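Structure file model_15.cif (mmCIF, C-alpha atoms) is printed below.
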```
data_model
#
loop_
_atom_site.label_atom_id
_atom_site.label_comp_id
_atom_site.auth_asym_id
_atom_site.auth_seq_id
_atom_site.Cartn_x
_atom_site.Cartn_y
_atom_site.Cartn_z
CA TYR A 262 12.22 16.25 4.43
CA PRO A 263 14.19 19.24 3.09
CA GLY A 264 11.74 22.12 2.85
CA GLY A 265 9.18 20.41 5.06
CA ARG A 266 5.67 19.17 4.34
CA GLU A 267 4.98 21.46 1.37
CA ASN A 268 8.10 20.37 -0.51
CA PHE A 269 7.39 16.73 0.32
CA VAL A 270 3.94 17.00 -1.28
CA LEU A 271 5.50 18.70 -4.31
CA ALA A 272 7.96 15.82 -4.61
CA MET A 273 5.08 13.34 -4.35
CA ASN A 274 3.33 15.04 -7.26
CA LYS A 275 6.55 15.11 -9.30
CA LEU A 276 6.80 11.35 -8.80
CA VAL A 277 3.18 11.02 -9.93
CA GLN A 278 4.08 12.87 -13.13
CA SER A 279 7.23 10.83 -13.74
CA LEU A 280 5.25 7.59 -13.35
CA GLU A 281 2.59 8.98 -15.71
CA LEU A 282 -0.21 8.47 -13.20
CA LYS A 283 -2.98 10.43 -14.90
CA ASN A 284 -5.61 10.26 -12.15
CA THR A 285 -3.63 11.03 -8.99
CA HIS A 286 -2.89 14.29 -7.22
CA PHE A 287 -1.69 14.75 -3.66
CA THR A 288 -2.35 17.68 -1.33
CA ASN A 289 -1.09 16.04 1.87
CA PRO A 290 1.43 13.29 2.68
CA ALA A 291 -0.92 11.10 4.72
CA GLY A 292 -3.82 10.41 2.36
CA PHE A 293 -6.37 12.43 4.33
CA ASP A 294 -9.60 13.47 2.63
CA GLU A 295 -8.98 16.90 1.17
CA TYR A 296 -10.03 18.92 -1.86
CA LEU A 297 -7.90 17.94 -4.90
CA HIS A 298 -6.38 14.93 -3.12
CA PHE A 299 -7.35 11.88 -5.20
CA SER A 300 -6.25 8.71 -6.92
CA THR A 301 -7.63 5.59 -8.60
CA ALA A 302 -7.22 1.87 -7.99
CA GLU A 303 -5.14 1.58 -11.16
CA ASP A 304 -2.81 4.43 -10.24
CA LEU A 305 -2.35 3.09 -6.71
CA ALA A 306 -1.48 -0.36 -8.08
CA ARG A 307 1.09 1.19 -10.40
CA LEU A 308 2.49 3.29 -7.55
CA ALA A 309 2.74 0.19 -5.33
CA SER A 310 4.54 -1.68 -8.11
CA PHE A 311 7.10 1.13 -8.19
CA ALA A 312 7.35 1.41 -4.39
CA VAL A 313 8.10 -2.26 -3.76
CA GLN A 314 11.21 -1.98 -5.88
CA ASN A 315 12.71 -0.31 -2.80
CA LYS A 316 14.07 -3.25 -0.78
CA VAL A 317 13.88 -1.49 2.59
CA LEU A 318 10.26 -0.44 2.08
CA SER A 319 9.37 -3.93 0.81
CA GLU A 320 10.84 -5.49 3.93
CA ILE A 321 9.00 -3.08 6.22
CA VAL A 322 5.54 -3.56 4.67
CA ALA A 323 5.96 -7.36 4.62
CA THR A 324 6.88 -7.62 8.32
CA PRO A 325 3.98 -8.84 10.51
CA LYS A 326 5.53 -7.92 13.88
CA THR A 327 8.81 -6.60 15.16
CA GLU A 328 10.43 -4.81 18.05
CA VAL A 329 12.55 -1.69 17.90
CA ALA A 330 14.68 -0.35 20.72
CA SER A 331 16.22 2.97 21.58
CA GLU A 332 19.98 3.26 21.05
CA ASP A 333 20.62 2.61 24.71
CA GLY A 334 18.24 -0.38 24.71
CA LYS A 335 16.20 0.97 27.60
CA THR A 336 13.02 1.57 25.61
CA VAL A 337 11.52 -1.15 23.45
CA HIS A 338 8.48 -0.72 21.24
CA LYS A 339 6.50 -3.65 19.89
CA LEU A 340 5.19 -2.91 16.40
CA THR A 341 2.37 -4.79 14.67
CA ASN A 342 1.53 -4.37 11.00
CA ILE A 343 -2.11 -3.26 10.75
CA ASN A 344 -2.44 -5.15 7.47
CA GLU A 345 -4.18 -8.25 8.85
CA LEU A 346 -3.24 -10.33 5.79
CA VAL A 347 0.54 -10.03 6.31
CA GLY A 348 1.68 -13.20 8.04
CA LYS A 349 -1.79 -14.74 7.73
CA VAL A 350 -2.40 -15.26 4.01
CA PRO A 351 0.40 -17.10 2.17
CA GLY A 352 2.42 -14.85 -0.11
CA VAL A 353 1.00 -11.51 1.06
CA LEU A 354 3.84 -8.97 1.14
CA GLY A 355 2.04 -5.79 2.21
CA VAL A 356 1.77 -2.84 0.73
CA LYS A 357 -0.65 -0.10 1.85
CA THR A 358 -3.78 0.02 3.94
CA GLY A 359 -5.92 3.01 4.76
CA TRP A 360 -9.28 4.41 5.71
CA THR A 361 -11.00 7.78 5.52
CA ILE A 362 -14.61 8.83 5.94
CA ASN A 363 -15.03 9.73 2.26
CA ALA A 364 -12.99 6.90 0.74
CA GLY A 365 -13.95 4.07 3.06
CA GLU A 366 -11.48 1.25 3.53
CA SER A 367 -8.65 0.76 1.04
CA LEU A 368 -5.99 -1.88 0.63
CA VAL A 369 -3.26 -2.27 -1.97
CA THR A 370 -1.80 -5.76 -1.72
CA LEU A 371 1.18 -7.50 -3.28
CA VAL A 372 0.96 -11.29 -3.37
CA ASP A 373 3.81 -13.54 -4.50
CA ARG A 374 3.15 -17.26 -4.75
CA ASP A 375 5.68 -19.46 -6.49
CA GLY A 376 7.13 -16.42 -8.25
CA HIS A 377 3.73 -15.36 -9.58
CA LYS A 378 3.14 -11.79 -8.42
CA ILE A 379 -0.15 -9.93 -8.44
CA ILE A 380 -1.18 -6.55 -7.09
CA ILE A 381 -4.73 -5.99 -5.92
CA SER A 382 -5.98 -2.45 -5.37
CA LEU A 383 -9.26 -2.26 -3.47
CA LEU A 384 -10.98 1.05 -2.76
CA GLY A 385 -14.29 1.98 -1.13
CA SER A 386 -14.55 -1.26 0.83
CA ALA A 387 -16.46 -2.02 4.00
CA ASP A 388 -14.21 -5.06 4.66
CA ARG A 389 -10.84 -4.52 2.96
CA PHE A 390 -9.11 -7.54 4.49
CA GLY A 391 -11.96 -10.01 3.96
CA GLU A 392 -12.66 -8.85 0.41
CA THR A 393 -8.98 -8.91 -0.56
CA GLU A 394 -8.53 -12.39 0.89
CA LYS A 395 -11.48 -13.61 -1.20
CA LEU A 396 -9.97 -12.00 -4.31
CA ILE A 397 -6.60 -13.65 -3.64
CA ASP A 398 -8.25 -17.06 -3.20
CA TRP A 399 -10.30 -16.57 -6.38
CA ILE A 400 -7.31 -15.45 -8.47
CA PHE A 401 -5.05 -18.33 -7.43
CA SER A 402 -7.89 -20.85 -7.82
CA ASN A 403 -8.93 -19.66 -11.27
CA TYR A 404 -5.74 -18.65 -13.04
CA SER A 405 -2.68 -20.60 -14.02
CA TRP A 406 0.68 -19.32 -15.17
CA GLU A 407 2.36 -21.16 -18.02
#
```
Let me see whether you can do it: turn the structure in this file into structure tokens.
Amino acid sequence: YPGGRENFVLAMNKLVQSLELKNTHFTNPAGFDEYLHFSTAEDLARLASFAVQNKVLSEIVATPKTEVASEDGKTVHKLTNINELVGKVPGVLGVKTGWTINAGESLVTLVDRDGHKIIISLLGSADRFGETEKLIDWIFSNYSWE
């Protein structure tokens, strides 16, 4: 990134301001626990909604497994999405999974079933994948779109 890590974090916070996320501030690009690095479930859902508008990013986070090769084809890396719901739960299209000591497990999930899209933002979990799967099942069993 032009200007390195510091400028990248500044750009992240400018995006936060432009999206009017009132309860988010970044101090590092990776989401590590750090003083003044924070967000909320609502802000992360709104950020995910913005992020998935990028077609390349959407494709990446919705890919369960892939292989990438060096230009000469001699080195191949097998990549597996650590989001256990991608490719397992119908309609799950990613978005962001994480874990830190202070925050616990987190998972921001986009689900699209029959054109009905929902975003679930789960923070402070001890079982982010299991809890999110239960929420998805509950939502699609208890709501109807007309």
Translate the PyMOL selection byres ((chain A and resi 352) around 6) into a concrete residue list for this structure, as a PyMOL selection string.
chain A and resi 351+353+372-374
Next, the residues of the selection above should be written as an mmCIF file, in the frame of the given file with C-alpha atoms.
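Output file part08.cif follows:
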```cif
data_model
loop_
_atom_site.group_PDB
_atom_site.id
_atom_site.type_symbol
_atom_site.label_atom_id
_atom_site.label_comp_id
_atom_site.auth_asym_id
_atom_site.auth_seq_id
_atom_site.Cartn_x
_atom_site.Cartn_y
_atom_site.Cartn_z
ATOM 1 C CA PRO A 351 0.400 -17.100 2.170
ATOM 2 C CA VAL A 353 1.000 -11.510 1.060
ATOM 3 C CA VAL A 372 0.960 -11.290 -3.370
ATOM 4 C CA ASP A 373 3.810 -13.540 -4.500
ATOM 5 C CA ARG A 374 3.150 -17.260 -4.750
#
```
Report task. Can you pull out every residue within 12 Å of Ile381 in chain A, counting all atoms listed in the file, but drop anything in the same chain fewer than 6 positions away, and send it as a ChimeraX atom specification? Result -> /A:302-310,353-358,367-373,389-390,392-400
request  = For the structure provided, state which residues fall under the PyMOL selection byres ((chain A and resi 325-337) around 12), and present them as a PyMOL selection string.
outcome  = chain A and resi 320-324+338-350+353-356
Correct to one decimal, the distance CA of Gly292 in chain A-CA of Asn315 in chain A is 20.4 Å
- Task: Find the residues near Pro290 in chain A: any atom within 10 Å, counting all atoms listed in the file, skip ones fewer than 5 places away on the same chain, and give them as a VMD selection string.
- Result: chain A and resid 266 to 267 269 to 271 273 298
- Message: Could you tell me how far CA of His286 in chain A sits from CA of Ser300 in chain A, in Å to one decimal place?
- Response: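 Those two atoms sit 6.5 Å apart.
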Pairwise distance, CA of Gly359 in chain A with CA of Glu281 in chain A, equals 23.0 Å
### Message
Under the rule that all atoms listed in the file are counted, which of A:Ala272, A:Val313, A:Ile380, A:Ala387 is the nearest residue to Ile362 in chain A?
### Response
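Using all atoms listed in the file, the shortest distance to Ile362 in chain A belongs to A:Ala387.
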*asked:* Could you check the closest approach to Ala312 in chain A for each of A:Ile379, A:Leu384, A:Leu276, A:Ala364 and tell me which residue wins, using only C-alpha atoms?
replied: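 Of all the options, A:Leu276 lies closest to Ala312 in chain A.
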Mind checking which residues fall within 7 Å of Thr285 in chain A, counting all atoms listed in the file, ignoring those fewer than 2 positions away in the same chain, and posting them as an MDAnalysis selection string? chainID A and resid 277 282:283 287 299:301 304
Same residues, C-alpha atoms, output as an mmCIF file, in the frame of the given file:
```cif
data_model
loop_
_atom_site.group_PDB
_atom_site.id
_atom_site.type_symbol
_atom_site.label_atom_id
_atom_site.label_comp_id
_atom_site.auth_asym_id
_atom_site.auth_seq_id
_atom_site.Cartn_x
_atom_site.Cartn_y
_atom_site.Cartn_z
ATOM 1 C CA VAL A 277 3.180 11.020 -9.930
ATOM 2 C CA LEU A 282 -0.210 8.470 -13.200
ATOM 3 C CA LYS A 283 -2.980 10.430 -14.900
ATOM 4 C CA PHE A 287 -1.690 14.750 -3.660
ATOM 5 C CA PHE A 299 -7.350 11.880 -5.200
ATOM 6 C CA SER A 300 -6.250 8.710 -6.920
ATOM 7 C CA THR A 301 -7.630 5.590 -8.600
ATOM 8 C CA ASP A 304 -2.810 4.430 -10.240
#
```
